[in-house]
Amino acid sequence: FKSGWADMLVHDFRGQDITSTSSHKSYRPITIASFRIDALLAGGLSPRVAHVMNTLLHALCSVALLLVLSQGSLVLGTSELRSRGVMATVAAMLFAVHPVHTEAVTGVVGRAELICFVWSVLAVYVYDAAVRKHQHWR
């Protein structure tokens with residue numbers, strides 16, 4: 001990571017100038033920032049730290065999903081379910097241990113998927129909270 005933090009904003013995922021014709025246009029500055037944080041924590045590049053961070057991010061994904069499902073998501077259609085606490089817990093646990101997530105968690109480049117999931121689920125949570133707060137508009 002010889003370039004500065006601001007360079008994340010003008011380079012693609014592989015470090016090429018985003019405006020270059022040879023760039024694959026994969027723009028992921030938050031993912032790159034998380035890799036830089038890994039390097040700061042480890043004092044350099046460390047696969048072990050990257051894997052631990054991916055595992056922690058997957059745990060955060062599971063907790064975020066539990067949070068959205070247990071409150072009853074208007075977006076996901078679970079707001080009227082009576083046993084949604086139990087169903088939310090079971091769904092989040094299945095999500096946490098399902099083998100389909102293996103590649104995103106064990107592969108360091110899967111970090112982008114984990115970060116995307118966390119932000120997406122939190123967006124649903126915030127949207128649902130805003131709709132609940134202003135339901136009198138309907």
# chains A, B, ... in the order shown; residues from 1 in each chain; ligands from 1
call {"tool": "residues_around", "arguments": {"residues": "region 43-55 of chain A", "least_positions_apart": "2", "cutoff": "12 Å", "atoms": "only C-alpha atoms", "output": "PyMOL selection string"}}
result
chain A and resi 1-2+31-32+34-41+57-62+96-97+101-115
call {"tool": "residues_around", "arguments": {"residues": "Ser23 (chain A)", "least_positions_apart": "5", "cutoff": "9 Å", "atoms": "only C-alpha atoms", "output": "list in words"}}
result
His11, Asp12, Arg14, Gly15, Gln16, Asp17 and Ile18 of chain A
call {"tool": "write_last_selection", "arguments": {"atoms": "N, CA and C atoms", "output": "short mmCIF file (atom, residue, chain, number, x, y, z; two decimals), in the first residue's frame"}}
result
data_model
loop_
_atom_site.label_atom_id
_atom_site.label_comp_id
_atom_site.auth_asym_id
_atom_site.auth_seq_id
_atom_site.Cartn_x
_atom_site.Cartn_y
_atom_site.Cartn_z
N HIS A 11 -8.75 4.90 -8.12
CA HIS A 11 -8.22 3.66 -8.67
C HIS A 11 -9.26 2.55 -8.55
N ASP A 12 -9.15 1.55 -9.44
CA ASP A 12 -10.06 0.42 -9.39
C ASP A 12 -9.58 -0.57 -8.33
N ARG A 14 -7.99 -3.23 -8.51
CA ARG A 14 -6.63 -3.75 -8.70
C ARG A 14 -5.55 -2.67 -8.68
N GLY A 15 -5.94 -1.43 -8.40
CA GLY A 15 -4.96 -0.36 -8.26
C GLY A 15 -4.69 0.44 -9.52
N GLN A 16 -5.39 0.16 -10.61
CA GLN A 16 -5.19 0.92 -11.84
C GLN A 16 -6.07 2.16 -11.82
N ASP A 17 -5.63 3.20 -12.53
CA ASP A 17 -6.42 4.41 -12.66
C ASP A 17 -7.78 4.05 -13.25
N ILE A 18 -8.85 4.47 -12.60
CA ILE A 18 -10.20 4.08 -13.01
C ILE A 18 -10.56 4.62 -14.39
#
call {"tool": "select_by_dssp", "arguments": {"residues": "region 27-97 of chain A", "states": "helix (DSSP H, G or I)", "output": "PDB file with N, CA, C and O atoms, in the first residue's frame"}}
result
ATOM      1  N   PRO A  29     -13.976   1.376  -3.143  1.00  0.00           N
ATOM      2  CA  PRO A  29     -13.101   2.071  -2.180  1.00  0.00           C
ATOM      3  C   PRO A  29     -13.299   1.629  -0.734  1.00  0.00           C
ATOM      4  O   PRO A  29     -12.339   1.632   0.034  1.00  0.00           O
ATOM      5  N   ILE A  30     -14.508   1.236  -0.341  1.00  0.00           N
ATOM      6  CA  ILE A  30     -14.722   0.800   1.051  1.00  0.00           C
ATOM      7  C   ILE A  30     -14.006  -0.529   1.297  1.00  0.00           C
ATOM      8  O   ILE A  30     -13.398  -0.732   2.351  1.00  0.00           O
ATOM      9  N   THR A  31     -14.040  -1.415   0.315  1.00  0.00           N
ATOM     10  CA  THR A  31     -13.331  -2.689   0.438  1.00  0.00           C
ATOM     11  C   THR A  31     -11.830  -2.457   0.524  1.00  0.00           C
ATOM     12  O   THR A  31     -11.140  -3.061   1.365  1.00  0.00           O
ATOM     13  N   ILE A  32     -11.315  -1.586  -0.326  1.00  0.00           N
ATOM     14  CA  ILE A  32      -9.881  -1.270  -0.295  1.00  0.00           C
ATOM     15  C   ILE A  32      -9.509  -0.653   1.058  1.00  0.00           C
ATOM     16  O   ILE A  32      -8.468  -0.983   1.634  1.00  0.00           O
ATOM     17  N   ALA A  33     -10.365   0.218   1.578  1.00  0.00           N
ATOM     18  CA  ALA A  33     -10.100   0.818   2.894  1.00  0.00           C
ATOM     19  C   ALA A  33     -10.039  -0.263   3.970  1.00  0.00           C
ATOM     20  O   ALA A  33      -9.189  -0.217   4.869  1.00  0.00           O
ATOM     21  N   SER A  34     -10.916  -1.269   3.868  1.00  0.00           N
ATOM     22  CA  SER A  34     -10.891  -2.341   4.870  1.00  0.00           C
ATOM     23  C   SER A  34      -9.603  -3.160   4.770  1.00  0.00           C
ATOM     24  O   SER A  34      -9.062  -3.596   5.783  1.00  0.00           O
ATOM     25  N   PHE A  35      -9.089  -3.358   3.541  1.00  0.00           N
ATOM     26  CA  PHE A  35      -7.804  -4.060   3.390  1.00  0.00           C
ATOM     27  C   PHE A  35      -6.669  -3.223   3.984  1.00  0.00           C
ATOM     28  O   PHE A  35      -5.738  -3.767   4.583  1.00  0.00           O
ATOM     29  N   ARG A  36      -6.746  -1.922   3.826  1.00  0.00           N
ATOM     30  CA  ARG A  36      -5.718  -1.050   4.409  1.00  0.00           C
ATOM     31  C   ARG A  36      -5.760  -1.120   5.941  1.00  0.00           C
ATOM     32  O   ARG A  36      -4.728  -1.101   6.593  1.00  0.00           O
ATOM     33  N   ILE A  37      -6.968  -1.192   6.485  1.00  0.00           N
ATOM     34  CA  ILE A  37      -7.099  -1.316   7.942  1.00  0.00           C
ATOM     35  C   ILE A  37      -6.494  -2.645   8.402  1.00  0.00           C
ATOM     36  O   ILE A  37      -5.807  -2.695   9.425  1.00  0.00           O
ATOM     37  N   ASP A  38      -6.729  -3.715   7.639  1.00  0.00           N
ATOM     38  CA  ASP A  38      -6.093  -5.004   7.941  1.00  0.00           C
ATOM     39  C   ASP A  38      -4.582  -4.846   8.020  1.00  0.00           C
ATOM     40  O   ASP A  38      -3.938  -5.346   8.946  1.00  0.00           O
ATOM     41  N   ALA A  39      -4.030  -4.181   7.007  1.00  0.00           N
ATOM     42  CA  ALA A  39      -2.573  -4.008   6.945  1.00  0.00           C
ATOM     43  C   ALA A  39      -2.069  -3.170   8.115  1.00  0.00           C
ATOM     44  O   ALA A  39      -0.990  -3.449   8.661  1.00  0.00           O
ATOM     45  N   LEU A  40      -2.817  -2.170   8.511  1.00  0.00           N
ATOM     46  CA  LEU A  40      -2.423  -1.360   9.668  1.00  0.00           C
ATOM     47  C   LEU A  40      -2.443  -2.192  10.947  1.00  0.00           C
ATOM     48  O   LEU A  40      -1.545  -2.091  11.779  1.00  0.00           O
ATOM     49  N   LEU A  41      -3.470  -3.013  11.102  1.00  0.00           N
ATOM     50  CA  LEU A  41      -3.579  -3.857  12.292  1.00  0.00           C
ATOM     51  C   LEU A  41      -2.470  -4.899  12.365  1.00  0.00           C
ATOM     52  O   LEU A  41      -1.967  -5.209  13.438  1.00  0.00           O
ATOM     53  N   ALA A  42      -2.106  -5.442  11.198  1.00  0.00           N
ATOM     54  CA  ALA A  42      -1.116  -6.519  11.154  1.00  0.00           C
ATOM     55  C   ALA A  42       0.309  -6.009  10.996  1.00  0.00           C
ATOM     56  O   ALA A  42       1.251  -6.792  11.091  1.00  0.00           O
ATOM     57  N   PRO A  47      -2.474 -12.623   5.536  1.00  0.00           N
ATOM     58  CA  PRO A  47      -3.656 -13.411   5.199  1.00  0.00           C
ATOM     59  C   PRO A  47      -4.467 -13.798   6.440  1.00  0.00           C
ATOM     60  O   PRO A  47      -5.691 -13.830   6.401  1.00  0.00           O
ATOM     61  N   ARG A  48      -3.784 -14.062   7.532  1.00  0.00           N
ATOM     62  CA  ARG A  48      -4.476 -14.457   8.759  1.00  0.00           C
ATOM     63  C   ARG A  48      -5.418 -13.347   9.234  1.00  0.00           C
ATOM     64  O   ARG A  48      -6.580 -13.595   9.551  1.00  0.00           O
ATOM     65  N   VAL A  49      -4.934 -12.116   9.267  1.00  0.00           N
ATOM     66  CA  VAL A  49      -5.766 -10.989   9.693  1.00  0.00           C
ATOM     67  C   VAL A  49      -6.921 -10.798   8.716  1.00  0.00           C
ATOM     68  O   VAL A  49      -8.061 -10.552   9.130  1.00  0.00           O
ATOM     69  N   ALA A  50      -6.659 -10.937   7.424  1.00  0.00           N
ATOM     70  CA  ALA A  50      -7.718 -10.787   6.416  1.00  0.00           C
ATOM     71  C   ALA A  50      -8.806 -11.844   6.612  1.00  0.00           C
ATOM     72  O   ALA A  50     -10.002 -11.529   6.518  1.00  0.00           O
ATOM     73  N   HIS A  51      -8.423 -13.071   6.899  1.00  0.00           N
ATOM     74  CA  HIS A  51      -9.409 -14.128   7.120  1.00  0.00           C
ATOM     75  C   HIS A  51     -10.199 -13.903   8.409  1.00  0.00           C
ATOM     76  O   HIS A  51     -11.415 -14.130   8.451  1.00  0.00           O
ATOM     77  N   VAL A  52      -9.534 -13.446   9.451  1.00  0.00           N
ATOM     78  CA  VAL A  52     -10.227 -13.136  10.704  1.00  0.00           C
ATOM     79  C   VAL A  52     -11.218 -12.001  10.477  1.00  0.00           C
ATOM     80  O   VAL A  52     -12.373 -12.066  10.939  1.00  0.00           O
ATOM     81  N   MET A  53     -10.808 -10.983   9.748  1.00  0.00           N
ATOM     82  CA  MET A  53     -11.708  -9.856   9.471  1.00  0.00           C
ATOM     83  C   MET A  53     -12.912 -10.308   8.644  1.00  0.00           C
ATOM     84  O   MET A  53     -14.031  -9.873   8.897  1.00  0.00           O
ATOM     85  N   ASN A  54     -12.695 -11.184   7.657  1.00  0.00           N
ATOM     86  CA  ASN A  54     -13.817 -11.696   6.869  1.00  0.00           C
ATOM     87  C   ASN A  54     -14.776 -12.504   7.742  1.00  0.00           C
ATOM     88  O   ASN A  54     -15.991 -12.415   7.579  1.00  0.00           O
ATOM     89  N   THR A  55     -14.235 -13.276   8.655  1.00  0.00           N
ATOM     90  CA  THR A  55     -15.074 -14.059   9.565  1.00  0.00           C
ATOM     91  C   THR A  55     -15.895 -13.135  10.466  1.00  0.00           C
ATOM     92  O   THR A  55     -17.094 -13.358  10.677  1.00  0.00           O
ATOM     93  N   LEU A  56     -15.260 -12.076  10.972  1.00  0.00           N
ATOM     94  CA  LEU A  56     -15.976 -11.108  11.804  1.00  0.00           C
ATOM     95  C   LEU A  56     -17.050 -10.375  10.993  1.00  0.00           C
ATOM     96  O   LEU A  56     -18.151 -10.131  11.492  1.00  0.00           O
ATOM     97  N   LEU A  57     -16.731 -10.049   9.745  1.00  0.00           N
ATOM     98  CA  LEU A  57     -17.726  -9.404   8.885  1.00  0.00           C
ATOM     99  C   LEU A  57     -18.908 -10.332   8.614  1.00  0.00           C
ATOM    100  O   LEU A  57     -20.066  -9.892   8.577  1.00  0.00           O
ATOM    101  N   HIS A  58     -18.644 -11.610   8.428  1.00  0.00           N
ATOM    102  CA  HIS A  58     -19.740 -12.562   8.219  1.00  0.00           C
ATOM    103  C   HIS A  58     -20.609 -12.656   9.474  1.00  0.00           C
ATOM    104  O   HIS A  58     -21.840 -12.735   9.373  1.00  0.00           O
ATOM    105  N   ALA A  59     -19.994 -12.627  10.632  1.00  0.00           N
ATOM    106  CA  ALA A  59     -20.765 -12.620  11.879  1.00  0.00           C
ATOM    107  C   ALA A  59     -21.619 -11.355  11.957  1.00  0.00           C
ATOM    108  O   ALA A  59     -22.797 -11.418  12.345  1.00  0.00           O
ATOM    109  N   LEU A  60     -21.059 -10.217  11.542  1.00  0.00           N
ATOM    110  CA  LEU A  60     -21.813  -8.972  11.516  1.00  0.00           C
ATOM    111  C   LEU A  60     -22.987  -9.066  10.537  1.00  0.00           C
ATOM    112  O   LEU A  60     -24.086  -8.582  10.822  1.00  0.00           O
ATOM    113  N   CYS A  61     -22.770  -9.706   9.388  1.00  0.00           N
ATOM    114  CA  CYS A  61     -23.853  -9.926   8.415  1.00  0.00           C
ATOM    115  C   CYS A  61     -24.987 -10.718   9.066  1.00  0.00           C
ATOM    116  O   CYS A  61     -26.168 -10.380   8.900  1.00  0.00           O
ATOM    117  N   SER A  62     -24.641 -11.754   9.779  1.00  0.00           N
ATOM    118  CA  SER A  62     -25.647 -12.606  10.419  1.00  0.00           C
ATOM    119  C   SER A  62     -26.425 -11.849  11.488  1.00  0.00           C
ATOM    120  O   SER A  62     -27.652 -11.978  11.583  1.00  0.00           O
ATOM    121  N   VAL A  63     -25.734 -11.046  12.271  1.00  0.00           N
ATOM    122  CA  VAL A  63     -26.394 -10.254  13.317  1.00  0.00           C
ATOM    123  C   VAL A  63     -27.283  -9.184  12.681  1.00  0.00           C
ATOM    124  O   VAL A  63     -28.403  -8.940  13.145  1.00  0.00           O
ATOM    125  N   ALA A  64     -26.807  -8.551  11.617  1.00  0.00           N
ATOM    126  CA  ALA A  64     -27.617  -7.536  10.933  1.00  0.00           C
ATOM    127  C   ALA A  64     -28.892  -8.157  10.367  1.00  0.00           C
ATOM    128  O   ALA A  64     -29.976  -7.571  10.458  1.00  0.00           O
ATOM    129  N   LEU A  65     -28.767  -9.360   9.800  1.00  0.00           N
ATOM    130  CA  LEU A  65     -29.949 -10.048   9.285  1.00  0.00           C
ATOM    131  C   LEU A  65     -30.915 -10.380  10.414  1.00  0.00           C
ATOM    132  O   LEU A  65     -32.130 -10.184  10.282  1.00  0.00           O
ATOM    133  N   LEU A  66     -30.394 -10.848  11.533  1.00  0.00           N
ATOM    134  CA  LEU A  66     -31.229 -11.138  12.702  1.00  0.00           C
ATOM    135  C   LEU A  66     -31.966  -9.879  13.157  1.00  0.00           C
ATOM    136  O   LEU A  66     -33.159  -9.920  13.449  1.00  0.00           O
ATOM    137  N   LEU A  67     -31.260  -8.771  13.189  1.00  0.00           N
ATOM    138  CA  LEU A  67     -31.855  -7.506  13.608  1.00  0.00           C
ATOM    139  C   LEU A  67     -33.032  -7.125  12.705  1.00  0.00           C
ATOM    140  O   LEU A  67     -34.114  -6.787  13.184  1.00  0.00           O
ATOM    141  N   VAL A  68     -32.838  -7.203  11.400  1.00  0.00           N
ATOM    142  CA  VAL A  68     -33.902  -6.835  10.457  1.00  0.00           C
ATOM    143  C   VAL A  68     -35.073  -7.800  10.544  1.00  0.00           C
ATOM    144  O   VAL A  68     -36.232  -7.376  10.599  1.00  0.00           O
ATOM    145  N   LEU A  69     -34.794  -9.080  10.576  1.00  0.00           N
ATOM    146  CA  LEU A  69     -35.881 -10.054  10.596  1.00  0.00           C
ATOM    147  C   LEU A  69     -36.648 -10.051  11.913  1.00  0.00           C
ATOM    148  O   LEU A  69     -37.859 -10.228  11.932  1.00  0.00           O
ATOM    149  N   SER A  70     -35.950  -9.833  13.026  1.00  0.00           N
ATOM    150  CA  SER A  70     -36.634  -9.873  14.314  1.00  0.00           C
ATOM    151  C   SER A  70     -37.510  -8.649  14.542  1.00  0.00           C
ATOM    152  O   SER A  70     -38.498  -8.719  15.265  1.00  0.00           O
ATOM    153  N   GLN A  71     -37.179  -7.522  13.933  1.00  0.00           N
ATOM    154  CA  GLN A  71     -38.051  -6.348  14.084  1.00  0.00           C
ATOM    155  C   GLN A  71     -39.265  -6.455  13.182  1.00  0.00           C
ATOM    156  O   GLN A  71     -40.226  -5.729  13.359  1.00  0.00           O
ATOM    157  N   ARG A  84     -42.117 -14.228  14.721  1.00  0.00           N
ATOM    158  CA  ARG A  84     -40.969 -13.774  13.932  1.00  0.00           C
ATOM    159  C   ARG A  84     -39.652 -13.818  14.709  1.00  0.00           C
ATOM    160  O   ARG A  84     -38.607 -13.923  14.110  1.00  0.00           O
ATOM    161  N   GLY A  85     -39.688 -13.742  16.046  1.00  0.00           N
ATOM    162  CA  GLY A  85     -38.453 -13.826  16.820  1.00  0.00           C
ATOM    163  C   GLY A  85     -37.773 -15.170  16.648  1.00  0.00           C
ATOM    164  O   GLY A  85     -36.568 -15.245  16.401  1.00  0.00           O
ATOM    165  N   VAL A  86     -38.548 -16.242  16.759  1.00  0.00           N
ATOM    166  CA  VAL A  86     -38.008 -17.593  16.577  1.00  0.00           C
ATOM    167  C   VAL A  86     -37.598 -17.795  15.125  1.00  0.00           C
ATOM    168  O   VAL A  86     -36.506 -18.296  14.837  1.00  0.00           O
ATOM    169  N   MET A  87     -38.471 -17.360  14.212  1.00  0.00           N
ATOM    170  CA  MET A  87     -38.164 -17.522  12.789  1.00  0.00           C
ATOM    171  C   MET A  87     -36.933 -16.715  12.399  1.00  0.00           C
ATOM    172  O   MET A  87     -36.102 -17.175  11.611  1.00  0.00           O
ATOM    173  N   ALA A  88     -36.794 -15.512  12.946  1.00  0.00           N
ATOM    174  CA  ALA A  88     -35.636 -14.670  12.652  1.00  0.00           C
ATOM    175  C   ALA A  88     -34.358 -15.316  13.155  1.00  0.00           C
ATOM    176  O   ALA A  88     -33.336 -15.317  12.459  1.00  0.00           O
ATOM    177  N   THR A  89     -34.415 -15.881  14.347  1.00  0.00           N
ATOM    178  CA  THR A  89     -33.235 -16.537  14.919  1.00  0.00           C
ATOM    179  C   THR A  89     -32.830 -17.748  14.085  1.00  0.00           C
ATOM    180  O   THR A  89     -31.640 -17.925  13.770  1.00  0.00           O
ATOM    181  N   VAL A  90     -33.795 -18.559  13.714  1.00  0.00           N
ATOM    182  CA  VAL A  90     -33.504 -19.744  12.896  1.00  0.00           C
ATOM    183  C   VAL A  90     -32.949 -19.324  11.539  1.00  0.00           C
ATOM    184  O   VAL A  90     -31.945 -19.876  11.059  1.00  0.00           O
ATOM    185  N   ALA A  91     -33.566 -18.320  10.918  1.00  0.00           N
ATOM    186  CA  ALA A  91     -33.101 -17.862   9.604  1.00  0.00           C
ATOM    187  C   ALA A  91     -31.684 -17.297   9.681  1.00  0.00           C
ATOM    188  O   ALA A  91     -30.839 -17.593   8.825  1.00  0.00           O
ATOM    189  N   ALA A  92     -31.401 -16.498  10.707  1.00  0.00           N
ATOM    190  CA  ALA A  92     -30.062 -15.922  10.857  1.00  0.00           C
ATOM    191  C   ALA A  92     -29.018 -16.997  11.143  1.00  0.00           C
ATOM    192  O   ALA A  92     -27.890 -16.937  10.646  1.00  0.00           O
ATOM    193  N   MET A  93     -29.405 -18.008  11.929  1.00  0.00           N
ATOM    194  CA  MET A  93     -28.475 -19.108  12.213  1.00  0.00           C
ATOM    195  C   MET A  93     -28.194 -19.917  10.944  1.00  0.00           C
ATOM    196  O   MET A  93     -27.046 -20.295  10.692  1.00  0.00           O
ATOM    197  N   LEU A  94     -29.238 -20.189  10.168  1.00  0.00           N
ATOM    198  CA  LEU A  94     -29.035 -20.896   8.905  1.00  0.00           C
ATOM    199  C   LEU A  94     -28.156 -20.081   7.971  1.00  0.00           C
ATOM    200  O   LEU A  94     -27.275 -20.624   7.296  1.00  0.00           O
ATOM    201  N   PHE A  95     -28.390 -18.781   7.916  1.00  0.00           N
ATOM    202  CA  PHE A  95     -27.561 -17.902   7.096  1.00  0.00           C
ATOM    203  C   PHE A  95     -26.103 -17.976   7.556  1.00  0.00           C
ATOM    204  O   PHE A  95     -25.187 -18.063   6.741  1.00  0.00           O
ATOM    205  N   ALA A  96     -25.895 -17.963   8.865  1.00  0.00           N
ATOM    206  CA  ALA A  96     -24.534 -17.949   9.417  1.00  0.00           C
ATOM    207  C   ALA A  96     -23.742 -19.202   9.070  1.00  0.00           C
ATOM    208  O   ALA A  96     -22.541 -19.132   8.818  1.00  0.00           O
ATOM    209  N   VAL A  97     -24.411 -20.345   9.030  1.00  0.00           N
ATOM    210  CA  VAL A  97     -23.676 -21.601   8.835  1.00  0.00           C
ATOM    211  C   VAL A  97     -23.844 -22.213   7.452  1.00  0.00           C
ATOM    212  O   VAL A  97     -23.245 -23.250   7.166  1.00  0.00           O
TER     213      VAL A  97
END
call {"tool": "atom_distance", "arguments": {"atom1": "CA of Ala6 (chain A)", "atom2": "CA of His24 (chain A)"}}
result
19.5 Å
call {"tool": "atom_distance", "arguments": {"atom1": "CA of Ala129 (chain A)", "atom2": "CA of Gly72 (chain A)"}}
result
10.0 Å
call {"tool": "atom_distance", "arguments": {"atom1": "CA of Cys116 (chain A)", "atom2": "CA of Arg28 (chain A)"}}
result
10.0 Å
call {"tool": "decode", "arguments": {"residues": "region 30-60 of chain A", "atoms": "N, CA and C atoms", "output": "PDB file, in the first residue's frame"}}
result
ATOM      1  N   ILE A  30     -14.508   1.236  -0.341  1.00  0.00           N
ATOM      2  CA  ILE A  30     -14.722   0.800   1.051  1.00  0.00           C
ATOM      3  C   ILE A  30     -14.006  -0.529   1.297  1.00  0.00           C
ATOM      4  N   THR A  31     -14.040  -1.415   0.315  1.00  0.00           N
ATOM      5  CA  THR A  31     -13.331  -2.689   0.438  1.00  0.00           C
ATOM      6  C   THR A  31     -11.830  -2.457   0.524  1.00  0.00           C
ATOM      7  N   ILE A  32     -11.315  -1.586  -0.326  1.00  0.00           N
ATOM      8  CA  ILE A  32      -9.881  -1.270  -0.295  1.00  0.00           C
ATOM      9  C   ILE A  32      -9.509  -0.653   1.058  1.00  0.00           C
ATOM     10  N   ALA A  33     -10.365   0.218   1.578  1.00  0.00           N
ATOM     11  CA  ALA A  33     -10.100   0.818   2.894  1.00  0.00           C
ATOM     12  C   ALA A  33     -10.039  -0.263   3.970  1.00  0.00           C
ATOM     13  N   SER A  34     -10.916  -1.269   3.868  1.00  0.00           N
ATOM     14  CA  SER A  34     -10.891  -2.341   4.870  1.00  0.00           C
ATOM     15  C   SER A  34      -9.603  -3.160   4.770  1.00  0.00           C
ATOM     16  N   PHE A  35      -9.089  -3.358   3.541  1.00  0.00           N
ATOM     17  CA  PHE A  35      -7.804  -4.060   3.390  1.00  0.00           C
ATOM     18  C   PHE A  35      -6.669  -3.223   3.984  1.00  0.00           C
ATOM     19  N   ARG A  36      -6.746  -1.922   3.826  1.00  0.00           N
ATOM     20  CA  ARG A  36      -5.718  -1.050   4.409  1.00  0.00           C
ATOM     21  C   ARG A  36      -5.760  -1.120   5.941  1.00  0.00           C
ATOM     22  N   ILE A  37      -6.968  -1.192   6.485  1.00  0.00           N
ATOM     23  CA  ILE A  37      -7.099  -1.316   7.942  1.00  0.00           C
ATOM     24  C   ILE A  37      -6.494  -2.645   8.402  1.00  0.00           C
ATOM     25  N   ASP A  38      -6.729  -3.715   7.639  1.00  0.00           N
ATOM     26  CA  ASP A  38      -6.093  -5.004   7.941  1.00  0.00           C
ATOM     27  C   ASP A  38      -4.582  -4.846   8.020  1.00  0.00           C
ATOM     28  N   ALA A  39      -4.030  -4.181   7.007  1.00  0.00           N
ATOM     29  CA  ALA A  39      -2.573  -4.008   6.945  1.00  0.00           C
ATOM     30  C   ALA A  39      -2.069  -3.170   8.115  1.00  0.00           C
ATOM     31  N   LEU A  40      -2.817  -2.170   8.511  1.00  0.00           N
ATOM     32  CA  LEU A  40      -2.423  -1.360   9.668  1.00  0.00           C
ATOM     33  C   LEU A  40      -2.443  -2.192  10.947  1.00  0.00           C
ATOM     34  N   LEU A  41      -3.470  -3.013  11.102  1.00  0.00           N
ATOM     35  CA  LEU A  41      -3.579  -3.857  12.292  1.00  0.00           C
ATOM     36  C   LEU A  41      -2.470  -4.899  12.365  1.00  0.00           C
ATOM     37  N   ALA A  42      -2.106  -5.442  11.198  1.00  0.00           N
ATOM     38  CA  ALA A  42      -1.116  -6.519  11.154  1.00  0.00           C
ATOM     39  C   ALA A  42       0.309  -6.009  10.996  1.00  0.00           C
ATOM     40  N   GLY A  43       0.469  -4.726  10.720  1.00  0.00           N
ATOM     41  CA  GLY A  43       1.810  -4.201  10.464  1.00  0.00           C
ATOM     42  C   GLY A  43       2.321  -4.606   9.091  1.00  0.00           C
ATOM     43  N   GLY A  44       1.433  -4.844   8.165  1.00  0.00           N
ATOM     44  CA  GLY A  44       1.758  -5.274   6.803  1.00  0.00           C
ATOM     45  C   GLY A  44       0.680  -6.220   6.304  1.00  0.00           C
ATOM     46  N   LEU A  45       0.894  -6.795   5.159  1.00  0.00           N
ATOM     47  CA  LEU A  45      -0.090  -7.726   4.615  1.00  0.00           C
ATOM     48  C   LEU A  45      -0.070  -9.038   5.389  1.00  0.00           C
ATOM     49  N   SER A  46      -1.246  -9.494   5.793  1.00  0.00           N
ATOM     50  CA  SER A  46      -1.346 -10.720   6.563  1.00  0.00           C
ATOM     51  C   SER A  46      -2.615 -11.467   6.180  1.00  0.00           C
ATOM     52  N   PRO A  47      -2.474 -12.623   5.536  1.00  0.00           N
ATOM     53  CA  PRO A  47      -3.656 -13.411   5.199  1.00  0.00           C
ATOM     54  C   PRO A  47      -4.467 -13.798   6.440  1.00  0.00           C
ATOM     55  N   ARG A  48      -3.784 -14.062   7.532  1.00  0.00           N
ATOM     56  CA  ARG A  48      -4.476 -14.457   8.759  1.00  0.00           C
ATOM     57  C   ARG A  48      -5.418 -13.347   9.234  1.00  0.00           C
ATOM     58  N   VAL A  49      -4.934 -12.116   9.267  1.00  0.00           N
ATOM     59  CA  VAL A  49      -5.766 -10.989   9.693  1.00  0.00           C
ATOM     60  C   VAL A  49      -6.921 -10.798   8.716  1.00  0.00           C
ATOM     61  N   ALA A  50      -6.659 -10.937   7.424  1.00  0.00           N
ATOM     62  CA  ALA A  50      -7.718 -10.787   6.416  1.00  0.00           C
ATOM     63  C   ALA A  50      -8.806 -11.844   6.612  1.00  0.00           C
ATOM     64  N   HIS A  51      -8.423 -13.071   6.899  1.00  0.00           N
ATOM     65  CA  HIS A  51      -9.409 -14.128   7.120  1.00  0.00           C
ATOM     66  C   HIS A  51     -10.199 -13.903   8.409  1.00  0.00           C
ATOM     67  N   VAL A  52      -9.534 -13.446   9.451  1.00  0.00           N
ATOM     68  CA  VAL A  52     -10.227 -13.136  10.704  1.00  0.00           C
ATOM     69  C   VAL A  52     -11.218 -12.001  10.477  1.00  0.00           C
ATOM     70  N   MET A  53     -10.808 -10.983   9.748  1.00  0.00           N
ATOM     71  CA  MET A  53     -11.708  -9.856   9.471  1.00  0.00           C
ATOM     72  C   MET A  53     -12.912 -10.308   8.644  1.00  0.00           C
ATOM     73  N   ASN A  54     -12.695 -11.184   7.657  1.00  0.00           N
ATOM     74  CA  ASN A  54     -13.817 -11.696   6.869  1.00  0.00           C
ATOM     75  C   ASN A  54     -14.776 -12.504   7.742  1.00  0.00           C
ATOM     76  N   THR A  55     -14.235 -13.276   8.655  1.00  0.00           N
ATOM     77  CA  THR A  55     -15.074 -14.059   9.565  1.00  0.00           C
ATOM     78  C   THR A  55     -15.895 -13.135  10.466  1.00  0.00           C
ATOM     79  N   LEU A  56     -15.260 -12.076  10.972  1.00  0.00           N
ATOM     80  CA  LEU A  56     -15.976 -11.108  11.804  1.00  0.00           C
ATOM     81  C   LEU A  56     -17.050 -10.375  10.993  1.00  0.00           C
ATOM     82  N   LEU A  57     -16.731 -10.049   9.745  1.00  0.00           N
ATOM     83  CA  LEU A  57     -17.726  -9.404   8.885  1.00  0.00           C
ATOM     84  C   LEU A  57     -18.908 -10.332   8.614  1.00  0.00           C
ATOM     85  N   HIS A  58     -18.644 -11.610   8.428  1.00  0.00           N
ATOM     86  CA  HIS A  58     -19.740 -12.562   8.219  1.00  0.00           C
ATOM     87  C   HIS A  58     -20.609 -12.656   9.474  1.00  0.00           C
ATOM     88  N   ALA A  59     -19.994 -12.627  10.632  1.00  0.00           N
ATOM     89  CA  ALA A  59     -20.765 -12.620  11.879  1.00  0.00           C
ATOM     90  C   ALA A  59     -21.619 -11.355  11.957  1.00  0.00           C
ATOM     91  N   LEU A  60     -21.059 -10.217  11.542  1.00  0.00           N
ATOM     92  CA  LEU A  60     -21.813  -8.972  11.516  1.00  0.00           C
ATOM     93  C   LEU A  60     -22.987  -9.066  10.537  1.00  0.00           C
TER      94      LEU A  60
END
